[in-house]
Structure formats: structure tokens, C-alpha cells
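Text of the file input_19.csv, holding CSV, C-alpha atoms:
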chain,number,residue,atom,x,y,z
S,1,GLY,CA,99.3,59.5,78.4
S,2,THR,CA,95.8,60.6,77.4
S,3,ARG,CA,93.6,62.7,79.7
S,4,PRO,CA,91.1,60.7,81.7
S,5,GLU,CA,87.5,61.0,80.8
S,6,ALA,CA,85.8,63.8,82.7
S,7,ARG,CA,84.4,62.9,86.1
S,8,ARG,CA,85.3,59.2,85.7
S,9,ALA,CA,88.0,57.5,87.8
S,10,SER,CA,90.8,56.1,85.7
S,11,LEU,CA,93.5,53.7,87.0
S,12,ARG,CA,96.9,55.1,85.9
S,13,ARG,CA,100.6,54.6,86.5
S,14,ILE,CA,102.0,57.7,88.1
S,15,ARG,CA,105.5,58.6,86.9
S,16,HIS,CA,108.2,61.1,87.7
S,17,PRO,CA,108.2,63.8,85.1
S,18,ASP,CA,112.0,63.9,84.8
S,19,THR,CA,113.1,60.2,85.2
S,20,ASP,CA,109.9,58.5,84.1
S,21,GLU,CA,110.2,56.3,87.2
S,22,THR,CA,106.9,54.7,88.3
S,23,LEU,CA,106.0,56.2,91.7
S,24,ASP,CA,102.7,54.5,92.3
S,25,ARG,CA,99.6,53.2,90.6
S,26,GLY,CA,96.4,55.1,91.6
S,27,LEU,CA,93.2,56.7,90.4
S,28,ALA,CA,93.2,59.9,88.3
S,29,LEU,CA,90.2,62.2,88.1
S,30,TRP,CA,89.7,65.0,85.6
S,31,LEU,CA,87.1,67.6,86.8
S,32,PRO,CA,86.7,70.4,84.2
S,33,GLY,CA,85.2,73.7,85.4
S,34,PRO,CA,82.8,75.2,86.2
S,35,GLY,CA,81.5,71.9,87.6
S,36,SER,CA,84.4,71.4,90.0
S,37,PRO,CA,84.9,72.2,93.7
S,38,THR,CA,86.5,75.5,92.9
S,39,GLY,CA,84.8,76.3,89.6
S,40,GLU,CA,88.1,75.9,87.8
S,41,ASP,CA,89.6,72.9,85.9
S,42,CYS,CA,90.9,70.5,88.5
S,43,ALA,CA,92.6,67.1,88.6
S,44,GLU,CA,92.8,64.7,91.5
S,45,LEU,CA,95.2,61.8,92.1
S,46,HIS,CA,94.1,59.1,94.6
S,47,ILE,CA,97.3,57.3,95.7
S,48,HIS,CA,98.3,54.9,98.4
S,49,GLY,CA,98.8,56.6,101.7
S,50,GLY,CA,102.3,55.5,102.7
S,51,ARG,CA,104.5,58.4,103.7
S,52,ALA,CA,107.1,57.5,101.1
S,53,VAL,CA,104.5,57.3,98.3
S,54,VAL,CA,102.9,60.6,99.2
S,55,ALA,CA,106.3,62.4,99.6
S,56,ALA,CA,107.5,61.0,96.2
S,57,VAL,CA,104.4,62.0,94.3
S,58,LEU,CA,104.3,65.5,95.9
S,59,GLU,CA,108.0,66.1,95.1
S,60,ALA,CA,107.4,65.0,91.5
S,61,ALA,CA,104.3,67.1,91.1
S,62,LEU,CA,106.0,70.2,92.3
S,63,ARG,CA,108.6,69.8,89.6
S,64,VAL,CA,106.0,70.3,86.9
S,65,PRO,CA,106.4,73.9,85.6
S,66,GLY,CA,103.7,76.3,86.8
S,67,LEU,CA,102.6,74.0,89.7
S,68,ARG,CA,103.0,75.0,93.3
S,69,ALA,CA,101.6,74.0,96.7
S,70,ALA,CA,98.4,75.7,97.7
S,71,GLU,CA,98.3,78.2,100.5
S,72,PRO,CA,96.3,77.3,103.6
S,73,GLY,CA,92.6,77.6,102.7
S,74,GLU,CA,93.3,78.5,99.1
S,75,PHE,CA,90.9,75.9,97.7
S,76,ALA,CA,88.1,77.1,100.0
S,77,ARG,CA,88.8,80.7,99.0
S,78,ARG,CA,88.7,79.9,95.3
S,79,ALA,CA,85.4,78.0,95.9
S,80,PHE,CA,84.0,81.0,97.7
S,81,LEU,CA,85.1,83.5,95.0
S,82,ALA,CA,83.6,81.1,92.3
S,83,GLY,CA,80.3,81.0,94.1
S,84,ARG,CA,80.6,77.3,94.9
S,85,LEU,CA,80.1,78.0,98.6
S,86,ASP,CA,79.1,81.1,100.6
S,87,LEU,CA,80.8,82.5,103.6
S,88,ALA,CA,78.7,80.8,106.2
S,89,GLU,CA,79.3,77.4,104.4
S,90,ALA,CA,83.0,78.2,104.4
S,91,GLU,CA,82.9,78.8,108.1
S,92,GLY,CA,81.1,75.6,108.6
S,93,LEU,CA,83.8,73.8,106.6
S,94,ALA,CA,86.5,75.3,108.8
S,95,ASP,CA,84.6,74.1,111.9
S,96,LEU,CA,84.2,70.7,110.3
S,97,ILE,CA,88.0,70.4,110.0
S,98,ASP,CA,88.4,71.5,113.6
S,99,ALA,CA,85.6,69.3,115.0
S,100,GLU,CA,86.7,67.2,118.0
S,101,THR,CA,83.3,65.6,118.9
S,102,GLN,CA,80.4,64.1,117.1
S,103,GLY,CA,78.1,67.0,118.2
S,104,GLN,CA,80.5,69.5,116.7
S,105,ARG,CA,80.8,67.4,113.5
S,106,ARG,CA,77.1,67.2,113.0
S,107,GLN,CA,76.6,70.9,113.5
S,108,ALA,CA,79.5,71.9,111.3
S,109,LEU,CA,78.4,69.6,108.5
S,110,ARG,CA,74.9,71.1,108.5
S,111,GLN,CA,76.3,74.6,108.3
S,112,SER,CA,78.8,73.6,105.6
S,113,GLU,CA,75.8,72.3,103.6
S,114,GLY,CA,74.0,75.6,103.8
S,115,ALA,CA,71.6,75.3,106.8
S,116,LEU,CA,72.5,78.6,108.3
S,117,SER,CA,72.7,80.3,105.0
S,118,ALA,CA,69.2,79.1,104.1
S,119,ARG,CA,67.9,80.4,107.5
S,120,ALA,CA,69.4,83.8,106.9
S,121,LEU,CA,68.1,83.9,103.3
S,122,GLY,CA,64.6,83.1,104.7
S,123,TRP,CA,64.9,86.1,107.1
S,124,ARG,CA,66.0,88.3,104.3
S,125,GLU,CA,63.2,87.3,101.9
S,126,ARG,CA,60.6,88.0,104.6
S,127,LEU,CA,62.1,91.5,105.0
S,128,ILE,CA,62.0,92.1,101.3
S,129,GLY,CA,58.4,91.0,101.2
S,130,ALA,CA,57.6,93.5,103.9
S,131,MET,CA,59.5,96.2,102.1
S,132,ALA,CA,57.5,95.4,98.9
S,133,LEU,CA,54.3,96.0,100.9
S,134,ILE,CA,55.5,99.4,102.1
S,135,GLU,CA,56.5,100.4,98.6
S,136,ALA,CA,53.1,99.2,97.3
S,137,GLY,CA,51.6,101.8,99.6
S,138,ILE,CA,53.9,104.4,98.0
S,139,ASP,CA,52.9,103.4,94.5
S,140,PHE,CA,49.2,103.5,95.3
S,141,VAL,CA,49.2,106.5,97.6
S,142,ASP,CA,46.0,107.9,95.9
S,143,GLU,CA,44.1,104.7,96.9
S,144,ASP,CA,42.5,105.2,100.4
S,145,ASP,CA,42.7,101.6,101.6
S,146,VAL,CA,45.9,100.3,100.0
S,147,PRO,CA,48.6,102.2,102.0
S,148,ALA,CA,47.0,101.5,105.4
S,149,ALA,CA,46.4,97.8,104.6
S,150,ALA,CA,49.9,97.3,103.2
S,151,ARG,CA,51.4,99.0,106.3
S,152,ALA,CA,49.4,96.8,108.7
S,153,GLU,CA,50.4,93.6,106.9
S,154,ALA,CA,54.1,94.7,106.7
S,155,HIS,CA,54.0,95.6,110.5
S,156,SER,CA,52.8,92.1,111.3
S,157,GLU,CA,55.5,90.5,109.3
S,158,VAL,CA,58.3,92.7,110.6
S,159,SER,CA,57.2,92.2,114.2
S,160,ALA,CA,57.2,88.4,113.8
S,161,LEU,CA,60.6,88.5,112.1
S,162,ALA,CA,62.0,90.7,114.9
S,163,ALA,CA,60.8,88.1,117.5
S,164,ASP,CA,62.4,85.3,115.5
S,165,LEU,CA,65.7,87.2,115.4
S,166,ARG,CA,65.6,87.9,119.1
S,167,ALA,CA,65.0,84.2,119.7
S,168,ALA,CA,68.0,83.4,117.5
S,169,LEU,CA,70.2,85.7,119.5
S,170,ALA,CA,68.9,84.3,122.8
S,171,ASP,CA,69.6,80.7,121.7
S,172,ARG,CA,73.3,80.2,122.3
S,173,ARG,CA,73.3,76.4,122.0
S,174,ALA,CA,75.0,76.3,118.6
S,175,ALA,CA,77.8,78.6,119.7
S,176,ARG,CA,78.3,76.4,122.8
S,177,VAL,CA,78.4,73.2,120.8
S,178,ARG,CA,81.2,74.9,118.8
S,179,ASP,CA,83.0,76.4,121.9
S,180,GLY,CA,82.2,73.7,124.5
S,181,PHE,CA,80.3,73.3,127.7
S,182,HIS,CA,82.5,75.0,130.3
S,183,VAL,CA,83.0,73.5,133.8
S,184,ALA,CA,85.1,75.2,136.4
S,185,ILE,CA,86.6,73.3,139.3
S,186,VAL,CA,87.0,75.6,142.3
S,187,GLY,CA,87.8,75.2,146.0
S,188,ARG,CA,90.3,75.9,148.7
S,189,PRO,CA,94.0,75.0,148.2
S,190,ASN,CA,94.8,71.3,148.5
S,191,ALA,CA,91.1,70.3,148.0
S,192,GLY,CA,92.3,68.1,145.2
S,193,LYS,CA,91.2,70.2,142.2
S,194,SER,CA,94.2,69.3,140.0
S,195,SER,CA,93.9,65.6,141.1
S,196,LEU,CA,90.2,65.6,140.0
S,197,LEU,CA,91.1,67.2,136.7
S,198,ASN,CA,93.7,64.5,136.0
S,199,ALA,CA,91.3,61.8,137.2
S,200,LEU,CA,88.5,62.9,134.9
S,201,LEU,CA,91.0,63.2,131.9
S,202,ARG,CA,92.7,59.9,132.9
S,203,GLU,CA,96.1,61.7,132.3
S,204,ASP,CA,98.5,63.9,134.2
S,205,ALA,CA,97.5,67.2,132.7
S,206,ALA,CA,98.0,69.3,135.9
S,207,ILE,CA,100.9,69.3,138.4
S,208,VAL,CA,99.9,67.8,141.7
S,209,THR,CA,101.8,68.5,144.9
S,210,ASP,CA,101.1,68.8,148.7
S,211,THR,CA,102.2,72.4,148.6
S,212,PRO,CA,99.2,74.8,148.8
S,213,GLY,CA,99.0,77.3,145.9
S,214,THR,CA,100.7,75.1,143.3
S,215,THR,CA,98.1,76.0,140.7
S,216,ARG,CA,98.5,79.8,140.0
S,217,ASP,CA,96.6,80.1,136.7
S,218,VAL,CA,93.6,78.6,135.0
S,219,LEU,CA,94.5,75.3,133.3
S,220,GLU,CA,92.0,74.2,130.6
S,221,ALA,CA,91.5,70.7,129.2
S,222,ARG,CA,88.9,69.3,126.8
S,223,LEU,CA,86.8,66.2,127.2
S,224,ASP,CA,84.4,64.4,124.9
S,225,LEU,CA,81.4,63.3,126.8
S,226,GLY,CA,78.6,61.6,124.8
S,227,GLY,CA,79.7,63.4,121.7
S,228,TYR,CA,79.6,66.9,123.2
S,229,PRO,CA,82.7,69.0,124.0
S,230,VAL,CA,83.3,69.8,127.7
S,231,VAL,CA,86.0,72.2,128.7
S,232,LEU,CA,87.3,71.6,132.2
S,233,ALA,CA,89.1,74.4,134.0
S,234,ASP,CA,91.4,73.7,137.0
S,235,THR,CA,91.8,76.9,139.0
S,236,ALA,CA,93.9,78.4,141.8
S,237,GLY,CA,92.8,77.6,145.4
S,238,LEU,CA,90.5,80.2,146.9
S,239,ARG,CA,92.2,81.9,149.8
S,240,ASP,CA,93.6,85.3,150.9
S,241,SER,CA,97.3,85.7,150.1
S,242,ASP,CA,100.0,88.2,150.3
S,243,ASP,CA,101.5,86.8,147.1
S,244,ALA,CA,100.6,89.1,144.1
S,245,VAL,CA,100.7,86.2,141.7
S,246,GLU,CA,98.5,84.0,143.8
S,247,ARG,CA,96.0,86.8,144.3
S,248,GLU,CA,95.8,87.2,140.5
S,249,GLY,CA,95.2,83.4,140.2
S,250,VAL,CA,92.4,83.6,142.8
S,251,ARG,CA,90.8,86.5,140.9
S,252,ARG,CA,90.9,84.5,137.7
S,253,ALA,CA,89.5,81.5,139.5
S,254,ARG,CA,86.5,83.5,140.7
S,255,LEU,CA,86.0,85.0,137.3
S,256,ARG,CA,86.1,81.6,135.6
S,257,ALA,CA,83.4,80.3,138.1
S,258,ALA,CA,81.3,83.4,137.3
S,259,GLN,CA,81.5,82.7,133.6
S,260,ALA,CA,81.2,78.8,133.6
S,261,ASP,CA,78.1,76.9,132.6
S,262,LEU,CA,78.7,74.7,135.6
S,263,THR,CA,81.0,75.0,138.7
S,264,LEU,CA,82.2,72.0,140.7
S,265,TRP,CA,82.8,73.3,144.3
S,266,LEU,CA,85.3,70.8,145.6
S,267,ARG,CA,85.4,70.3,149.4
S,268,ASP,CA,88.1,68.4,151.3
S,269,ALA,CA,86.3,65.8,153.4
S,270,SER,CA,89.4,65.3,155.6
S,271,ASP,CA,89.6,69.0,156.4
S,272,PHE,CA,86.0,70.2,156.0
S,273,ALA,CA,85.2,73.9,156.8
S,274,PRO,CA,81.4,74.1,157.3
S,275,ASP,CA,81.4,77.9,157.2
S,276,GLU,CA,83.3,78.2,153.9
S,277,PRO,CA,81.4,80.6,151.6
S,278,ALA,CA,80.2,79.2,148.3
S,279,PRO,CA,81.8,80.8,145.2
S,280,GLU,CA,79.7,83.1,143.1
S,281,THR,CA,78.7,81.3,139.9
S,282,GLY,CA,77.1,82.2,136.6
S,283,GLY,CA,75.6,78.8,136.1
S,284,ALA,CA,74.8,75.7,138.2
S,285,LEU,CA,76.8,74.8,141.3
S,286,TRP,CA,77.5,71.2,142.4
S,287,ARG,CA,79.0,70.5,145.8
S,288,VAL,CA,81.6,67.8,145.5
S,289,ALA,CA,83.3,66.1,148.5
S,290,ASN,CA,86.8,64.8,147.7
S,291,LYS,CA,89.2,62.5,149.7
S,292,THR,CA,86.3,60.3,150.9
S,293,ASP,CA,88.9,57.5,151.0
S,294,VAL,CA,90.3,59.0,154.2
S,295,ALA,CA,87.2,60.7,155.7
S,296,PRO,CA,83.4,60.4,155.3
S,297,ALA,CA,81.6,62.8,153.1
S,298,PRO,CA,80.1,65.8,154.9
S,299,PRO,CA,76.3,66.2,154.7
S,300,GLY,CA,74.7,68.3,151.9
S,301,MET,CA,77.1,67.2,149.2
S,302,ASP,CA,75.8,66.5,145.6
S,303,PHE,CA,78.7,64.1,144.9
S,304,ALA,CA,81.2,62.2,147.1
S,305,LEU,CA,84.4,60.8,145.5
S,306,SER,CA,88.0,60.2,145.8
S,307,ALA,CA,90.2,61.5,143.0
S,308,GLN,CA,93.0,59.4,144.4
S,309,SER,CA,91.3,56.0,144.4
S,310,GLY,CA,88.7,56.7,141.7
S,311,THR,CA,85.7,56.0,143.9
S,312,GLY,CA,82.6,58.0,142.7
S,313,LEU,CA,84.3,59.3,139.5
S,314,ASP,CA,82.0,57.3,137.2
S,315,ALA,CA,78.9,58.9,138.8
S,316,LEU,CA,80.3,62.4,138.4
S,317,LEU,CA,81.3,61.7,134.8
S,318,ALA,CA,77.8,60.4,134.0
S,319,ALA,CA,76.3,63.5,135.6
S,320,LEU,CA,78.6,65.8,133.6
S,321,GLU,CA,77.6,64.0,130.4
S,322,GLN,CA,73.9,64.4,131.2
S,323,ALA,CA,74.4,68.1,132.0
S,324,ALA,CA,76.2,68.6,128.7
S,325,GLN,CA,73.5,66.7,126.8
S,326,ASP,CA,70.7,68.7,128.5
S,327,GLU,CA,72.4,72.0,127.6
S,328,LEU,CA,73.6,71.2,124.1
S,329,GLY,CA,71.6,68.2,123.0
S,330,GLY,CA,69.5,68.7,119.9
S,331,SER,CA,71.3,71.9,119.1
S,332,GLU,CA,73.0,70.8,115.9
S,333,HIS,CA,70.8,73.1,113.9
S,334,ALA,CA,71.2,76.2,111.9
S,335,GLY,CA,72.1,78.4,114.9
S,336,LEU,CA,74.4,81.4,115.2
S,337,THR,CA,77.8,79.7,115.8
S,338,ARG,CA,80.1,82.7,115.6
S,339,ALA,CA,80.4,86.2,117.0
S,340,ARG,CA,80.2,87.5,113.5
S,341,HIS,CA,76.8,86.0,113.0
S,342,ARG,CA,75.5,87.6,116.2
S,343,GLU,CA,77.0,91.0,115.2
S,344,VAL,CA,75.1,90.9,111.9
S,345,VAL,CA,71.8,90.0,113.5
S,346,VAL,CA,72.2,92.7,116.2
S,347,ALA,CA,73.0,95.3,113.5
S,348,ALA,CA,69.9,94.2,111.5
S,349,MET,CA,67.8,94.4,114.7
S,350,GLY,CA,68.9,98.0,115.2
S,351,ASP,CA,67.1,99.0,111.9
S,352,LEU,CA,64.1,96.8,112.6
S,353,ASP,CA,63.6,98.3,116.1
S,354,ALA,CA,63.9,101.8,114.6
S,355,ALA,CA,61.3,100.9,112.1
S,356,LEU,CA,58.9,99.4,114.6
S,357,ASP,CA,59.3,102.2,117.1
S,358,GLY,CA,58.5,104.8,114.5
S,359,TRP,CA,55.9,102.7,112.5
S,360,THR,CA,53.0,105.0,113.2
S,361,HIS,CA,54.7,108.3,112.2
S,362,LEU,CA,57.6,107.6,109.9
S,363,PRO,CA,57.0,108.2,106.2
S,364,ASP,CA,56.7,105.1,103.9
S,365,GLU,CA,60.0,106.0,102.3
S,366,VAL,CA,61.9,106.0,105.6
S,367,LEU,CA,60.4,102.7,106.7
S,368,ALA,CA,61.2,101.1,103.3
S,369,GLU,CA,64.8,102.3,103.6
S,370,LEU,CA,65.2,100.9,107.2
S,371,LEU,CA,63.9,97.5,106.0
S,372,ARG,CA,66.2,97.6,103.0
S,373,ARG,CA,69.2,98.2,105.2
S,374,ALA,CA,68.2,95.4,107.5
S,375,ALA,CA,67.8,93.0,104.6
S,376,GLY,CA,71.2,94.0,103.2
S,377,THR,CA,72.8,93.5,106.7
S,378,LEU,CA,71.3,90.0,107.0
S,379,GLY,CA,72.8,89.1,103.6
S,380,ARG,CA,76.2,89.4,105.2
S,381,ILE,CA,75.7,86.1,107.1
S,382,ALA,CA,76.1,84.2,103.8
S,383,GLY,CA,78.6,86.7,102.5
S,384,GLY,CA,76.4,88.5,100.0
S,385,VAL,CA,77.9,92.0,100.8
S,386,ASN,CA,80.8,93.6,102.7
S,387,VAL,CA,82.7,90.4,103.6
S,388,GLU,CA,86.3,91.4,102.7
S,389,ASP,CA,87.1,92.1,106.4
S,390,VAL,CA,86.6,88.4,107.3
S,391,LEU,CA,87.9,86.6,104.3
S,392,ASP,CA,91.7,86.6,105.2
S,393,ARG,CA,91.1,85.6,108.8
S,394,LEU,CA,88.8,82.8,107.9
S,395,PHE,CA,90.7,81.2,105.0
S,396,SER,CA,94.1,81.5,106.8
S,397,SER,CA,92.6,79.3,109.6
S,398,PHE,CA,92.4,76.3,107.2
S,399,CYS,CA,95.4,74.1,107.8
S,400,ILE,CA,95.6,70.4,106.7
S,401,GLY,CA,97.1,68.1,109.3
S,402,LYS,CA,97.2,70.6,112.2
Rewrite the coordinates I just gave you, this time as C-alpha cells.
Amino acid sequence: GTRPEARRASLRRIRHPDTDETLDRGLALWLPGPGSPTGEDCAELHIHGGRAVVAAVLEAALRVPGLRAAEPGEFARRAFLAGRLDLAEAEGLADLIDAETQGQRRQALRQSEGALSARALGWRERLIGAMALIEAGIDFVDEDDVPAAARAEAHSEVSALAADLRAALADRRAARVRDGFHVAIVGRPNAGKSSLLNALLREDAAIVTDTPGTTRDVLEARLDLGGYPVVLADTAGLRDSDDAVEREGVRRARLRAAQADLTLWLRDASDFAPDEPAPETGGALWRVANKTDVAPAPPGMDFALSAQSGTGLDALLAALEQAAQDELGGSEHAGLTRARHREVVVAAMGDLDAALDGWTHLPDEVLAELLRRAAGTLGRIAGGVNVEDVLDRLFSSFCIGK
């Protein structure tokens, strides 16, 4: 049949190329380049979603000479190489595909639409402006007032930009929205840690027995609370042991508590030890009494519950949701979501700090070069330069239906 009109959906009968059998009736779209998602000539078929229909159309399409299935992330790679999206936008698209909560979706969508790239471009343009002031001083070196005034104005701009970059590095909310709000459940053996994890998840994710030391390693599970990702970690019971495997489990439990945003210190109300030392934590510590269905909660507890009967679980879940919202809420902005972004900003800060430390005695040419290098480094966030080392890793992570 005739080719559909460009960028206009056309209802067509989709036939097998060998047998001419009708496989489905759907919409065909012809998208000539460069105004297409990849910058190349593209065609789309919108068909009914039944498995048999999809399988038949795919099998028929792959029989067309020269046509093959795309590799994971191939369309995104082609779009990047064609300049249809930059590296930070491609990373946002990958995060959007993997998003499990509404908070992650909102943040990833903003990044895929260029919010982080625009922020990095703004930083870079400010640096280029400061560099131009320094170079103006070089061009007008014979003028008494121009070099000094240009240096002073450039210093003010670079100092303000350095403060903005430090603030961006200190703000980890965007990365935490991507990675999750981490909650560690710690306590003595048989305090009910695995039972609490299962109760919060409303499924049997962890093995529960009456035998102390059943949990030997850290078991993670993800929970969506109010649209924010919460990562719960069930850990080995804290006690001294002659068993090497259990000792390693206890070490990992203590390490997880030290790294968590929030630690739930679970106490057994039926076997309460008032002199039990609190675990060392890196974030907040909540004291939680469990098994209150068989014994009253001891004094000084933040929460009292029974993982077995469910009493008190709703209050704990509501508090966890509020904690996640307080930590991550309002953070779906153009933040540094990946370690790569942070490494780029840290590298740029190295040159900026060198420039600011030597501002009073470094020659104009050296200052301009330091600012030029920092500007080039910041360009790597959007993939302007030196991005080959991350391309394969990023685009291979795209996988439909995983």
C-alpha cells in the first residue's frame, strides 16, 4: 500500500509479508527524520495488545529483509548520538523506566525533560561569563582600572557559583528519592524483626522461626509509602556468638544501622532487658516495643505494637510515611541523582577552589584556564564532552518488560 502521510495516524490492515494474511488492523505512523525520536526515518505500528497479535506482528516484521530487533537501549543511544536528548536526559529516561513510586516518577520525568541539564548549563554559562571577565583584563592590560574591576566582578561570580555547587553536593534528596529512604530494623534475636518486616510488607518476605539467629544476613524489601520509596532492612539479631557466620551477620547489622536514614530498635516486651545498649546509628533512632499482645510495653518506647496481631502497625506505618515525606518531600527537582553527577561537580570544584585560593596572586592566564577547565567539566553532566566511558553502561541498562 501507499506510505502514510508524515506524522498523521493512518488506519491500516497489517498483513504478513509472505502469506498476505491479515494479522491485525491498527494505526500506522510515518516519522521522517530528522524530526523523529532518533533523528532517523521511523515508522510506528499501533496494534491491539493481545499476546497472539503482538507475537504474530513481531514475527512477520522480523521476516522483512534488513529488519532486526533492537538491542536494549538502542533507540535511546541513537537519540543521544543524534542530539535528540543529552546524557542526563537519557539517565532520567532510564530512571523513569525503573521508577517504582510516584516520587521517583516525577523526579525522573523532570530529569528526562532536561531539568538537570538546564541547571548544569546555567552553572557552565556563569563560569564562561567569569572567564570572559578575566580575559577582558588580559585584553585591556594597559588600562589601569579594567583588569582590577574585571577580576573583582569575576571573583564575586565564581565565589557565588562555588557556594551553589557546594549546596548542590550537600543536598542528597534527589539521590535518595532515586535510591530510597533506608530503614534498618535491629534488635536482639527473637525480638520479632523478621515478623515486623513481614507485617509491614503484608507478605512473608522473611523466614520466621522460634530459633534465635535464624536471620544471618541483611534482607532488603521495598515499600511505597505516600509515593516515596522506603527500603526496609531486616538484620541479624545483635548478640555475641561463637559462630563465625552469625558474627558476620551481626557486623553487617551494625553497619546497616550506622548507614540507615532511620533505625527501628525493636525490643521484646515479654523479655525486656533495660540495660541493653542502643545500637550506634547514622540517622534517627526509634525505640519500638514488640509483642505487646503478651506483655505491656516498657516505659520510654516511641512505638508499641504486636507484629503478630497487627496492633500498632498502622501508627508505625503512618510515622514511617511522614518521615519519608519529611526527608524526601519536595525533592523532585533538578538535583544530582547519580554518583556520576557528583563526581563531575567535585572535579569542577577542585579547579574552582584552586582559582579562589590563588585569586590574589595567580596570573590572569592561569585563572582563565582554571575556569575554562571547570566549565568543560560541568559540561560532562549533560554529556557535552568525555562521555564514552558511561554510554555502554547506561544504554545496556534499558530493558523493556524487565
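A distance cut-off of 12 Å around (59.5, 103.4, 113.6), counting all atoms listed in the file, selects these protein and nucleic acid residues: Arg151, His155, Val158, Ser159, Gly350, Asp351, Leu352, Asp353, Ala354, Ala355, Leu356, Asp357, Gly358, Trp359, Thr360, His361, Leu362, Pro363, Asp364, Glu365, Val366, Leu367, Ala368, Glu369, Leu370 and Leu371 of chain S.
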Hey, what's within 12 Å of Arg202 in chain S if we count all atoms listed in the file and toss same-chain stuff fewer than 4 positions away? As a ChimeraX atom specification, please? /S:194-198,206,221-223,307-308,310,313-314,317
Restricting the calculation to only C-alpha atoms, which member of S:Arg287, S:Ala99, S:Gly33, S:Asp18 is positioned closest to Ala60 in chain S? S:Asp18
Could you give me, as a count of residues only, the residues within 12 Å of Arg256 in chain S, counting only C-alpha atoms and dropping anything in the same chain fewer than 2 positions from it? 33
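At a cut-off of 10 Å from (80.8, 67.1, 120.9), the residue set is Ala99, Glu100, Thr101, Gln102, Gly103, Gln104, Arg105, Arg106, Gln107, Arg176, Val177, Arg178, Asp179, Gly180, Phe181, Leu223, Asp224, Leu225, Gly226, Gly227, Tyr228, Pro229, Val230, Ala324, Gln325, Leu328, Gly329 and Glu332 of chain S (counting all atoms listed in the file).
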Any chance you could model N, CA and C atoms for range 146-158 of chain S and send them as an mmCIF file, in the frame of the given file?
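This went into selection36.cif:
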data_model
loop_
_atom_site.group_PDB
_atom_site.id
_atom_site.type_symbol
_atom_site.label_atom_id
_atom_site.label_comp_id
_atom_site.auth_asym_id
_atom_site.auth_seq_id
_atom_site.Cartn_x
_atom_site.Cartn_y
_atom_site.Cartn_z
ATOM 1 N N VAL S 146 44.711 101.070 100.265
ATOM 2 C CA VAL S 146 45.900 100.300 100.000
ATOM 3 C C VAL S 146 47.065 100.612 100.933
ATOM 4 N N PRO S 147 47.455 101.892 101.120
ATOM 5 C CA PRO S 147 48.600 102.200 102.000
ATOM 6 C C PRO S 147 48.398 101.668 103.422
ATOM 7 N N ALA S 148 47.209 101.885 103.994
ATOM 8 C CA ALA S 148 47.000 101.500 105.400
ATOM 9 C C ALA S 148 47.006 99.952 105.499
ATOM 10 N N ALA S 149 46.394 99.243 104.567
ATOM 11 C CA ALA S 149 46.400 97.800 104.600
ATOM 12 C C ALA S 149 47.783 97.211 104.428
ATOM 13 N N ALA S 150 48.537 97.814 103.499
ATOM 14 C CA ALA S 150 49.900 97.300 103.200
ATOM 15 C C ALA S 150 50.780 97.566 104.465
ATOM 16 N N ARG S 151 50.633 98.721 105.120
ATOM 17 C CA ARG S 151 51.400 99.000 106.300
ATOM 18 C C ARG S 151 51.099 98.018 107.437
ATOM 19 N N ALA S 152 49.830 97.727 107.617
ATOM 20 C CA ALA S 152 49.400 96.800 108.700
ATOM 21 C C ALA S 152 49.983 95.410 108.445
ATOM 22 N N GLU S 153 49.898 94.952 107.189
ATOM 23 C CA GLU S 153 50.400 93.600 106.900
ATOM 24 C C GLU S 153 51.935 93.580 107.046
ATOM 25 N N ALA S 154 52.615 94.642 106.605
ATOM 26 C CA ALA S 154 54.100 94.700 106.700
ATOM 27 C C ALA S 154 54.471 94.747 108.216
ATOM 28 N N HIS S 155 53.716 95.488 109.040
ATOM 29 C CA HIS S 155 54.000 95.600 110.500
ATOM 30 C C HIS S 155 53.940 94.209 111.128
ATOM 31 N N SER S 156 52.932 93.452 110.766
ATOM 32 C CA SER S 156 52.800 92.100 111.300
ATOM 33 C C SER S 156 53.959 91.233 110.978
ATOM 34 N N GLU S 157 54.413 91.297 109.731
ATOM 35 C CA GLU S 157 55.500 90.500 109.300
ATOM 36 C C GLU S 157 56.837 90.898 109.947
ATOM 37 N N VAL S 158 57.071 92.206 110.020
ATOM 38 C CA VAL S 158 58.300 92.700 110.600
ATOM 39 C C VAL S 158 58.347 92.398 112.115
#
